[in-house]
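Undergrad: For reference, the file my_file-v3.cif (mmCIF, C-alpha atoms and all ligand atoms) is included below:
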```
data_entry
loop_
_atom_site.label_atom_id
_atom_site.label_comp_id
_atom_site.auth_asym_id
_atom_site.auth_seq_id
_atom_site.Cartn_x
_atom_site.Cartn_y
_atom_site.Cartn_z
CA MET A 1 109.29 171.92 213.46
CA LEU A 2 109.24 170.18 210.08
CA ASP A 3 112.30 172.20 209.09
CA ALA A 4 114.25 170.75 212.00
CA LEU A 5 113.15 167.23 211.04
CA LYS A 6 114.14 167.87 207.45
CA ASP A 7 117.63 169.05 208.41
CA GLU A 8 118.08 166.09 210.68
CA LEU A 9 116.98 163.55 208.08
CA LEU A 10 119.03 165.15 205.31
CA SER A 11 122.15 165.06 207.42
CA GLN A 12 121.46 161.38 208.20
CA VAL A 13 121.12 160.67 204.47
CA ASN A 14 124.39 162.34 203.70
CA ALA A 15 126.12 160.60 206.57
CA ALA A 16 125.05 157.11 205.42
CA GLY A 17 128.30 155.38 204.45
CA ASP A 18 126.85 152.45 202.56
CA LEU A 19 123.64 151.08 201.08
CA ALA A 20 122.66 149.30 204.29
CA ALA A 21 122.98 152.45 206.38
CA LEU A 22 121.05 154.39 203.77
CA GLU A 23 118.24 151.86 203.86
CA GLU A 24 118.06 152.25 207.62
CA VAL A 25 117.60 156.01 207.21
CA ARG A 26 114.85 155.41 204.65
CA VAL A 27 112.99 153.10 207.03
CA THR A 28 113.30 155.59 209.93
CA ALA A 29 111.89 158.38 207.78
CA LEU A 30 109.53 156.84 205.25
CA GLY A 31 108.91 153.27 206.45
CA LYS A 32 105.56 152.07 207.84
CA LYS A 33 106.53 153.24 211.31
CA GLY A 34 108.74 156.06 210.03
CA ARG A 35 108.71 159.57 211.40
CA ILE A 36 107.17 161.27 208.35
CA THR A 37 104.67 158.43 208.03
CA GLY A 38 103.79 159.01 211.68
CA PHE A 39 102.94 162.67 210.99
CA MET A 40 100.88 161.61 207.97
CA LYS A 41 98.78 159.41 210.22
CA GLU A 42 97.96 162.39 212.43
CA LEU A 43 96.42 164.33 209.50
CA GLY A 44 93.04 162.69 210.08
CA GLY A 45 92.61 164.54 213.38
CA LEU A 46 93.03 168.03 211.88
CA SER A 47 90.46 170.45 210.48
CA PRO A 48 90.13 170.44 206.65
CA ASP A 49 92.14 173.65 206.21
CA GLU A 50 94.93 172.60 208.52
CA ARG A 51 94.95 169.16 206.94
CA ARG A 52 95.43 170.59 203.44
CA GLU A 53 98.30 172.84 204.47
CA ARG A 54 100.00 170.24 206.67
CA GLY A 55 99.47 167.55 204.00
CA GLN A 56 101.20 169.64 201.37
CA GLN A 57 104.14 170.30 203.68
CA LEU A 58 104.49 166.65 204.58
CA ASN A 59 104.29 165.52 200.94
CA ALA A 60 106.94 168.02 199.95
CA LEU A 61 109.14 166.82 202.80
CA LYS A 62 108.58 163.19 201.81
CA ASP A 63 109.51 163.90 198.19
CA GLU A 64 112.60 165.83 199.18
CA ILE A 65 113.87 163.09 201.48
CA ALA A 66 113.14 160.38 198.89
CA ALA A 67 115.02 162.37 196.24
CA ALA A 68 117.95 162.88 198.63
CA ILE A 69 118.04 159.13 199.32
CA ASP A 70 118.06 158.36 195.57
CA GLY A 71 120.83 160.86 195.02
CA ARG A 72 122.86 159.42 197.85
CA LYS A 73 122.31 155.93 196.51
CA ALA A 74 123.71 156.93 193.11
CA ASP A 75 126.70 158.60 194.79
CA LEU A 76 127.43 155.47 196.82
CA ALA A 77 127.16 153.23 193.75
CA ARG A 78 129.52 155.47 191.80
CA ALA A 79 132.00 155.55 194.69
CA HIS A 80 131.76 151.76 195.02
CA LEU A 81 132.47 151.28 191.30
CA GLU A 82 135.29 153.76 191.45
CA ALA A 83 136.86 151.89 194.36
CA ARG A 84 136.57 148.56 192.52
CA LEU A 85 138.11 150.01 189.38
CA GLN A 86 141.03 151.21 191.45
CA ALA A 87 141.44 148.00 193.41
CA GLU A 88 140.84 145.53 190.59
CA ARG A 89 142.83 147.22 187.91
CA ILE A 90 143.90 144.71 185.25
CA ASP A 91 147.51 144.65 184.24
CA VAL A 92 147.31 143.65 180.59
CA THR A 93 151.08 143.41 180.43
CA LEU A 94 151.23 140.40 182.78
CA PRO A 95 152.37 137.16 181.10
CA VAL A 96 149.59 134.58 180.53
CA ARG A 97 149.08 132.00 183.22
CA PRO A 98 150.15 128.51 182.13
CA GLU A 99 147.06 126.41 181.43
CA THR A 100 147.01 122.64 181.53
CA GLU A 101 146.74 121.44 177.97
CA GLY A 102 144.64 118.38 177.17
CA ARG A 103 145.78 115.45 175.08
CA ILE A 104 144.14 113.57 172.23
CA HIS A 105 143.59 109.91 173.12
CA PRO A 106 145.68 107.52 170.95
CA ILE A 107 142.47 105.86 169.67
CA SER A 108 141.11 109.20 168.43
CA GLN A 109 144.46 110.07 166.89
CA THR A 110 144.73 106.68 165.17
CA ILE A 111 141.20 107.02 163.76
CA ASP A 112 142.08 110.50 162.46
CA GLU A 113 145.20 109.11 160.79
CA MET A 114 143.24 106.31 159.14
CA VAL A 115 140.56 108.71 157.95
CA ALA A 116 143.23 111.00 156.48
CA ILE A 117 144.73 108.13 154.47
CA PHE A 118 141.43 106.75 153.18
CA ALA A 119 140.12 110.24 152.44
CA GLU A 120 143.05 110.65 150.09
CA MET A 121 141.85 107.50 148.26
CA GLY A 122 138.34 108.91 147.90
CA PHE A 123 136.59 107.23 150.84
CA SER A 124 134.05 109.05 152.95
CA VAL A 125 133.20 108.29 156.59
CA ALA A 126 129.94 106.50 157.43
CA GLU A 127 128.44 105.88 160.86
CA GLY A 128 125.98 103.52 162.47
CA PRO A 129 124.48 103.01 165.94
CA ASP A 130 126.25 101.12 168.74
CA VAL A 131 122.94 99.50 169.66
CA GLU A 132 122.08 97.36 166.66
CA ASP A 133 119.48 94.79 165.79
CA ASP A 134 120.09 91.19 164.89
CA PHE A 135 119.31 91.83 161.21
CA HIS A 136 122.06 94.43 160.62
CA ASN A 137 124.66 92.80 162.85
CA PHE A 138 124.17 89.18 161.72
CA THR A 139 121.35 88.18 159.36
CA ALA A 140 122.06 90.57 156.49
CA LEU A 141 125.75 89.68 156.80
CA ASN A 142 125.03 86.04 156.00
CA PHE A 143 125.63 84.65 159.51
CA PRO A 144 123.91 81.27 159.64
CA PRO A 145 121.46 80.71 162.54
CA GLY A 146 123.79 78.54 164.63
CA HIS A 147 126.92 80.69 164.24
CA PRO A 148 128.88 80.96 167.53
CA ALA A 149 129.02 84.77 167.34
CA ARG A 150 125.25 84.72 167.86
CA ASP A 151 125.78 83.03 171.21
CA MET A 152 125.07 84.89 174.45
CA HIS A 153 128.60 84.01 175.43
CA ASP A 154 130.13 86.36 172.83
CA THR A 155 127.49 89.01 172.26
CA PHE A 156 125.86 91.50 174.64
CA TYR A 157 122.12 91.23 174.04
CA LEU A 158 119.79 93.85 175.42
CA PRO A 159 116.86 92.76 177.60
CA ASP A 160 114.11 91.50 175.29
CA ALA A 161 112.37 94.52 173.82
CA GLY A 162 109.72 92.71 171.79
CA GLU A 163 109.85 91.90 168.09
CA LYS A 164 113.43 93.02 167.39
CA LYS A 165 116.37 91.38 169.12
CA MET A 166 118.67 94.27 170.07
CA LEU A 167 122.38 93.96 170.87
CA LEU A 168 125.60 95.94 171.14
CA ARG A 169 127.21 95.64 167.73
CA THR A 170 129.98 93.05 167.74
CA HIS A 171 131.74 94.61 164.74
CA THR A 172 131.49 97.66 162.47
CA SER A 173 130.26 95.50 159.58
CA PRO A 174 126.57 96.44 160.13
CA VAL A 175 127.52 99.89 158.82
CA GLN A 176 128.14 98.16 155.47
CA VAL A 177 124.54 96.95 155.51
CA ARG A 178 123.13 100.34 156.50
CA THR A 179 125.14 102.06 153.77
CA MET A 180 124.09 99.65 151.04
CA LEU A 181 120.45 99.86 152.08
CA ASN A 182 120.56 103.64 151.99
CA LYS A 183 122.54 104.52 148.90
CA LYS A 184 123.18 103.29 145.42
CA PRO A 185 126.59 102.15 144.14
CA PRO A 186 129.25 103.25 143.54
CA ILE A 187 130.01 103.10 147.27
CA ARG A 188 133.32 103.85 148.90
CA ILE A 189 133.13 104.26 152.67
CA ILE A 190 135.02 103.64 155.86
CA ALA A 191 133.29 103.30 159.22
CA PRO A 192 135.36 103.70 162.39
CA GLY A 193 133.60 103.19 165.72
CA ARG A 194 133.01 101.35 168.97
CA THR A 195 132.28 97.63 169.07
CA TYR A 196 131.44 95.25 171.93
CA ARG A 197 132.12 91.65 172.86
CA SER A 198 131.85 89.72 176.07
CA ASP A 199 135.58 89.33 176.66
CA TYR A 200 138.16 90.60 179.16
CA ASP A 201 141.85 89.77 179.42
CA MET A 202 145.30 91.14 178.45
CA THR A 203 144.29 91.47 174.79
CA HIS A 204 140.49 91.91 174.98
CA THR A 205 138.24 94.56 176.49
CA PRO A 206 134.42 94.39 176.35
CA MET A 207 134.40 97.66 174.39
CA PHE A 208 136.93 98.23 171.64
CA HIS A 209 137.16 99.92 168.24
CA GLN A 210 137.17 98.80 164.65
CA ILE A 211 137.35 100.43 161.28
CA GLU A 212 135.36 98.96 158.43
CA GLY A 213 135.84 99.57 154.72
CA LEU A 214 133.44 98.95 151.86
CA VAL A 215 133.80 99.48 148.12
CA ILE A 216 130.99 98.53 145.71
CA ASP A 217 131.15 99.16 141.99
CA GLU A 218 130.62 97.36 138.69
CA ALA A 219 134.15 96.12 138.07
CA THR A 220 135.81 95.96 141.48
CA HIS A 221 138.02 92.93 141.98
CA MET A 222 140.50 91.38 144.38
CA GLY A 223 143.34 93.37 142.83
CA HIS A 224 141.70 96.61 143.97
CA LEU A 225 141.31 95.16 147.44
CA LYS A 226 144.99 94.25 147.61
CA GLY A 227 146.17 97.56 146.16
CA CYS A 228 144.02 99.54 148.55
CA LEU A 229 145.19 97.71 151.68
CA ILE A 230 148.86 97.67 150.66
CA GLU A 231 148.70 101.41 150.09
CA PHE A 232 146.95 101.95 153.40
CA CYS A 233 149.29 99.82 155.52
CA ARG A 234 152.43 101.35 154.07
CA ALA A 235 151.13 104.87 154.70
CA PHE A 236 149.79 104.10 158.15
CA PHE A 237 152.88 102.33 159.50
CA ASP A 238 155.13 104.65 157.53
CA VAL A 239 157.21 101.79 156.07
CA ASP A 240 157.51 102.20 152.28
CA ASP A 241 158.31 98.58 151.43
CA LEU A 242 156.19 96.96 154.14
CA PRO A 243 155.29 93.48 152.79
CA LEU A 244 151.68 92.25 153.07
CA ARG A 245 150.57 88.63 152.95
CA PHE A 246 146.99 87.73 152.01
CA ARG A 247 146.10 84.42 153.67
CA PRO A 248 142.90 82.55 152.67
CA SER A 249 140.39 82.63 155.50
CA PHE A 250 136.66 82.56 156.18
CA PHE A 251 134.04 85.20 157.03
CA PRO A 252 130.33 84.66 156.42
CA PHE A 253 129.99 88.00 154.60
CA THR A 254 132.88 87.67 152.11
CA GLU A 255 133.86 85.13 149.43
CA PRO A 256 136.72 84.70 148.90
CA SER A 257 137.98 85.90 152.30
CA ALA A 258 141.47 86.64 153.46
CA GLU A 259 143.38 87.63 156.54
CA VAL A 260 146.18 90.10 156.07
CA ASP A 261 149.57 89.83 157.76
CA ILE A 262 152.27 92.46 157.71
CA GLY A 263 155.98 91.70 157.68
CA CYS A 264 157.80 91.99 160.99
CA SER A 265 160.66 90.77 163.11
CA ARG A 266 160.41 89.60 166.72
CA LYS A 267 164.14 89.11 167.24
CA GLY A 268 165.39 89.82 170.73
CA GLY A 269 161.83 90.28 171.99
CA GLU A 270 161.51 93.52 170.06
CA LEU A 271 158.87 93.95 167.38
CA LYS A 272 159.98 95.69 164.19
CA LEU A 273 157.84 96.20 161.08
CA GLY A 274 159.34 95.54 157.63
CA ASN A 275 160.62 92.83 155.36
CA TYR A 276 162.17 90.53 157.99
CA GLY A 277 160.52 87.21 157.17
CA ASP A 278 158.15 86.99 160.15
CA TRP A 279 154.42 87.86 159.99
CA LEU A 280 151.81 89.56 162.16
CA GLU A 281 148.06 89.38 161.50
CA ILE A 282 146.29 92.74 161.42
CA LEU A 283 142.99 92.58 159.53
CA GLY A 284 140.27 90.62 157.75
CA CYS A 285 138.94 91.27 154.27
CA GLY A 286 137.34 89.77 151.19
CA MET A 287 135.00 90.20 148.25
CA VAL A 288 131.47 90.99 149.46
CA HIS A 289 129.35 87.83 149.41
CA PRO A 290 126.49 87.90 146.84
CA ASN A 291 124.04 86.98 149.63
CA VAL A 292 125.02 90.19 151.45
CA LEU A 293 124.54 92.31 148.33
CA GLU A 294 121.11 90.76 147.72
CA ALA A 295 120.08 91.16 151.39
CA CYS A 296 120.87 94.87 150.96
CA GLY A 297 118.91 95.24 147.72
CA ILE A 298 121.93 95.39 145.40
CA ASP A 299 121.92 93.35 142.17
CA SER A 300 124.80 90.90 142.65
CA THR A 301 124.93 90.08 138.94
CA ARG A 302 125.81 93.68 138.18
CA TYR A 303 127.71 94.89 141.24
CA GLN A 304 130.51 93.51 143.29
CA GLY A 305 133.02 94.89 145.73
CA PHE A 306 135.33 94.34 148.64
CA ALA A 307 135.27 94.92 152.38
CA PHE A 308 137.72 94.89 155.21
CA GLY A 309 137.70 95.24 158.97
CA MET A 310 140.48 96.04 161.40
CA GLY A 311 140.86 96.39 165.16
CA ILE A 312 142.03 99.90 166.00
CA GLU A 313 143.55 99.28 169.46
CA ARG A 314 145.78 96.54 168.06
CA VAL A 315 147.34 98.67 165.33
CA ALA A 316 147.60 101.68 167.66
CA MET A 317 149.51 99.51 170.16
CA LEU A 318 151.77 98.33 167.37
CA LYS A 319 152.43 101.74 165.92
CA TYR A 320 152.92 103.57 169.21
CA GLY A 321 154.47 100.83 171.33
CA ILE A 322 151.67 100.68 173.89
CA PRO A 323 152.07 97.37 175.74
CA ASP A 324 148.74 96.74 177.53
CA LEU A 325 145.34 97.05 175.85
CA ARG A 326 143.43 97.58 179.09
CA THR A 327 145.25 100.84 179.84
CA PHE A 328 143.44 102.50 176.90
CA PHE A 329 140.24 102.67 178.91
CA GLU A 330 141.45 103.26 182.46
CA ALA A 331 141.23 107.05 182.04
CA ASP A 332 144.57 107.56 183.80
CA LEU A 333 145.73 111.12 183.12
CA ARG A 334 149.39 110.18 183.54
CA TRP A 335 148.98 107.52 180.84
CA LEU A 336 147.21 109.99 178.55
CA LYS A 337 149.90 112.58 179.11
CA HIS A 338 152.49 110.04 178.04
CA TYR A 339 150.76 108.37 175.10
CA GLY A 340 148.37 111.17 174.07
CA PHE A 341 148.81 113.67 171.23
CA VAL A 342 148.97 117.45 171.11
CA PRO A 343 145.50 118.78 170.12
CA LEU A 344 146.67 120.78 167.13
CA ASP A 345 148.63 117.87 165.74
CA VAL A 346 145.85 116.99 163.28
CA PRO A 347 146.85 114.16 160.96
CA SER A 348 146.86 114.88 157.24
CA MET A 349 148.59 113.27 154.30
CA ALA A 350 149.97 116.61 153.13
CA GLN A 351 151.65 117.51 156.43
CA GLY A 352 152.67 114.08 157.65
CA LEU A 353 150.36 111.88 159.64
CA THR A 354 151.73 112.59 163.07
CA ARG A 355 154.57 114.88 163.95
N1 LIG B 401 133.78 91.91 161.03
C1 LIG B 401 134.99 91.11 161.15
C2 LIG B 401 135.33 90.91 162.62
O1 LIG B 401 134.86 91.64 163.43
C3 LIG B 401 136.16 91.78 160.48
C4 LIG B 401 136.01 91.80 159.00
C5 LIG B 401 136.55 90.78 158.26
C6 LIG B 401 135.32 92.82 158.37
C7 LIG B 401 136.42 90.75 156.87
C8 LIG B 401 135.18 92.80 156.97
C9 LIG B 401 135.74 91.76 156.25
O2 LIG B 401 134.54 93.77 156.32
O3 LIG B 401 135.59 91.75 154.90
O4 LIG B 401 136.04 90.01 162.92
#
```
Kindly return the structure encoded in the file as structure tokens.
TA:
Amino acid sequence: MLDALKDELLSQVNAAGDLAALEEVRVTALGKKGRITGFMKELGGLSPDERRERGQQLNALKDEIAAAIDGRKADLARAHLEARLQAERIDVTLPVRPETEGRIHPISQTIDEMVAIFAEMGFSVAEGPDVEDDFHNFTALNFPPGHPARDMHDTFYLPDAGEKKMLLRTHTSPVQVRTMLNKKPPIRIIAPGRTYRSDYDMTHTPMFHQIEGLVIDEATHMGHLKGCLIEFCRAFFDVDDLPLRFRPSFFPFTEPSAEVDIGCSRKGGELKLGNYGDWLEILGCGMVHPNVLEACGIDSTRYQGFAFGMGIERVAMLKYGIPDLRTFFEADLRWLKHYGFVPLDVPSMAQGLTR
């Protein structure tokens, strides 16, 4: 009788066409209410001799069916894999699918260009936090207590966090302070990054970018400042004889201070850069004020230096003919596709800033 059951179960195993069907066979035979299990349960009612003999037969049958199921399972898995390999064959000769290529944002590209130029002059890049304290953003930079920049109207202050007044940095100049506090002269750094002011119109966004420069050494003078910025502007705007005009001005953290204009023409409503007699303001600069050096632990009788700061959006707009500042931060892919740069077009002085 067991032989008949065995034949029947084995043929069911071999007939199972997939894993689900095979599992059904296993449950029918070996499950809690399975047929072999059922016979096992009857063993208790037999005499010891009969029980031993019958038990051995049933165990052998159980093992044989289990082994057949395992074998069948392996066969099915192999057949399944085989079928997939046939169906999903990869044609390595197919041409690649076109992928959408990203673009580098003009701000990132402009920063990379500036870094490439200043790197050539021996500057390294320094960074500071966007969330600053009052000391680094104002006090150490010689801003007097009643200065309008300290007003809530111009500066984003964070909710009062206790002893330190925290704010979103209004310029990249605090990186000057952090650098001087952390390393000894000679210092030659630039610091590009995000800055924040409470402003919004055609030419102002609450978040914008600046690049700061700082040089501190024992014999640095205004001539170095002028030479450095002339060199930079001519390389950046790619106009060899671009004239620069240094106009006396005021910043709390420099003395003397100057604003720098570059030569341009606005004839016919079109802006052209070069020696045309008209001027356009692009940055602020000056010799670092002795109070700033002293606030940063640098002996102002021994060291001096210069600093400058420039808005990045403004010069990017100028260089690349982008008319509206606000579009920089609208995250419009069509805009980025138009004004953005190819990712591998990495600016360098050796290969041309931007091709
Ligand atoms: N921090 C100034 C601003 O945001 C720009 C500036 C002017 C930076 C003169 C300087 C500097 O380092 O020397 O308007």
Undergrad: Do you have the atom CA of A:Leu22-atom CA of A:Arg35 distance handy?
TA: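 Here the two named atoms are 15.4 Å from each other.
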Undergrad: Figure out the distance between atom CA of A:Lys41 and atom CA of A:Ala20, please, to one decimal in Å.
TA: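 The value is 26.6 Å.
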Undergrad: So which residues touch A:Glu101 within 10 Å, counting all atoms listed in the file, skipping near sequence neighbours fewer than 5 positions away, as number ranges by chain?
TA: A: 337, 342-343
Undergrad: Kindly extract all protein, DNA and RNA residues lying within 9 Å of the coordinates (148.5, 110.6, 170.5) given in the file, considering only C-alpha atoms, and supply them as a ChimeraX atom specification.
TA: /A:103-110,320,336-343,345,354
Undergrad: List as a PyMOL selection string: which residues have an atom within 8 Å of (159.1, 89.9, 160.7), counting only C-alpha atoms?
TA: chain A and resi 262-266+271-280
Undergrad: Could you give me, as a tab-separated table, a per-residue list for chain A showing, wherever an atom lies at most 9 Å from an atom of ligand LIG 401 (chain B), the closest pair of atoms and their distance in Å to one decimal, using only C-alpha atoms and all ligand atoms and sorting by chain then residue number from low to high?
TA:
```
residue	atom	partner	partner_atom	distance
A:Thr170	CA	B:LIG401	O1	6.7
A:His171	CA	B:LIG401	O1	4.5
A:Thr172	CA	B:LIG401	N1	6.4
A:Ser173	CA	B:LIG401	N1	5.2
A:Pro174	CA	B:LIG401	N1	8.6
A:Gln176	CA	B:LIG401	O2	7.8
A:Thr195	CA	B:LIG401	O1	8.6
A:Gln210	CA	B:LIG401	O1	7.6
A:Ile211	CA	B:LIG401	C6	8.4
A:Glu212	CA	B:LIG401	O2	5.7
A:Gly213	CA	B:LIG401	O2	6.2
A:Leu214	CA	B:LIG401	O2	6.9
A:Phe250	CA	B:LIG401	C7	8.2
A:Phe251	CA	B:LIG401	C7	6.0
A:Pro252	CA	B:LIG401	C7	8.6
A:Phe253	CA	B:LIG401	O3	6.7
A:Thr254	CA	B:LIG401	O3	5.6
A:Glu255	CA	B:LIG401	O3	8.8
A:Ser257	CA	B:LIG401	O3	6.8
A:Ala258	CA	B:LIG401	C7	7.4
A:Glu259	CA	B:LIG401	C7	7.6
A:Leu283	CA	B:LIG401	C5	6.8
A:Gly284	CA	B:LIG401	C5	3.8
A:Cys285	CA	B:LIG401	O3	3.4
A:Gly286	CA	B:LIG401	O3	4.6
A:Met287	CA	B:LIG401	O3	6.9
A:Val288	CA	B:LIG401	O3	6.9
A:Phe306	CA	B:LIG401	O3	6.8
A:Ala307	CA	B:LIG401	O3	4.1
A:Phe308	CA	B:LIG401	O2	3.5
A:Gly309	CA	B:LIG401	C6	3.4
A:Met310	CA	B:LIG401	C3	6.1
A:Gly311	CA	B:LIG401	O1	7.8
```
Undergrad: Have a look at atom CA of A:Asp199 and atom CA of A:Phe237 and let me know their distance in Å, one decimal.
TA: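 One can read the atom CA of A:Asp199 to atom CA of A:Phe237 distance as 27.6 Å.
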Undergrad: Extract, using only C-alpha atoms, all DNA, RNA and protein residues at most 12 Å from A:Ile69, discarding same-chain residues fewer than 5 positions from it, and format them as a list in words.
TA: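 Within the cut-off, the hits are Leu9, Leu10, Ser11, Gln12, Val13, Asn14, Ala15, Ala16, Asp18, Leu19, Ala20, Ala21, Leu22, Glu23, Glu24, Val25, Arg26, Val27, Ala29, Leu30, Lys62, Asp63, Glu64, Ala74, Asp75 and Leu76 of chain A.
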Undergrad: As AutoDock Vina command-line options, what would the box around stretch 243-253 of chain A look like: edges along x, y and z, 6 Å added on every side, centre and edge lengths in Å to one decimal?
TA:
```
--center_x 142.6 --center_y 88.0 --center_z 154.5 --size_x 37.3 --size_y 22.9 --size_z 17.0
```
Undergrad: Name all residues at most 8 Å from A:Val177 (count all atoms listed in the file; drop same-chain ones fewer than 3 positions away) and give them as a list of chain:residue names.
TA: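 Listing them by chain and then by number gives A:His136, A:Ala140, A:Leu141, A:Ser173, A:Pro174, A:Met180, A:Leu181, A:Val292, A:Cys296.
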Undergrad: With all atoms listed in the file as the basis for distance, which of A:Glu113, A:Glu270, A:Asp241, A:Asp160 is at the shortest distance from A:Gly352?
TA: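 Looking only at the distances to A:Gly352, the closest residue turns out to be A:Glu113.
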Undergrad: Which one of A:Ser249, A:Asn291, A:Gln304, A:Gln351 sits closest to A:Met222 if you count only C-alpha atoms?
TA: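 For A:Met222, the nearest of the given residues is A:Gln304.
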Undergrad: Of the candidates A:Ile36, A:Leu225, A:Ala219, A:Ile190, which shows the shortest atom-to-atom distance to A:Phe123, using only C-alpha atoms?
TA: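 The shortest atom-to-atom distance to A:Phe123 comes from A:Ile190.
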Undergrad: From the options A:Gly45, A:Gly102, A:Pro206, A:Pro192, which residue's atoms come nearest to A:Val125, counting all atoms listed in the file?
TA: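 Distance minimum relative to A:Val125 lands on A:Pro192.
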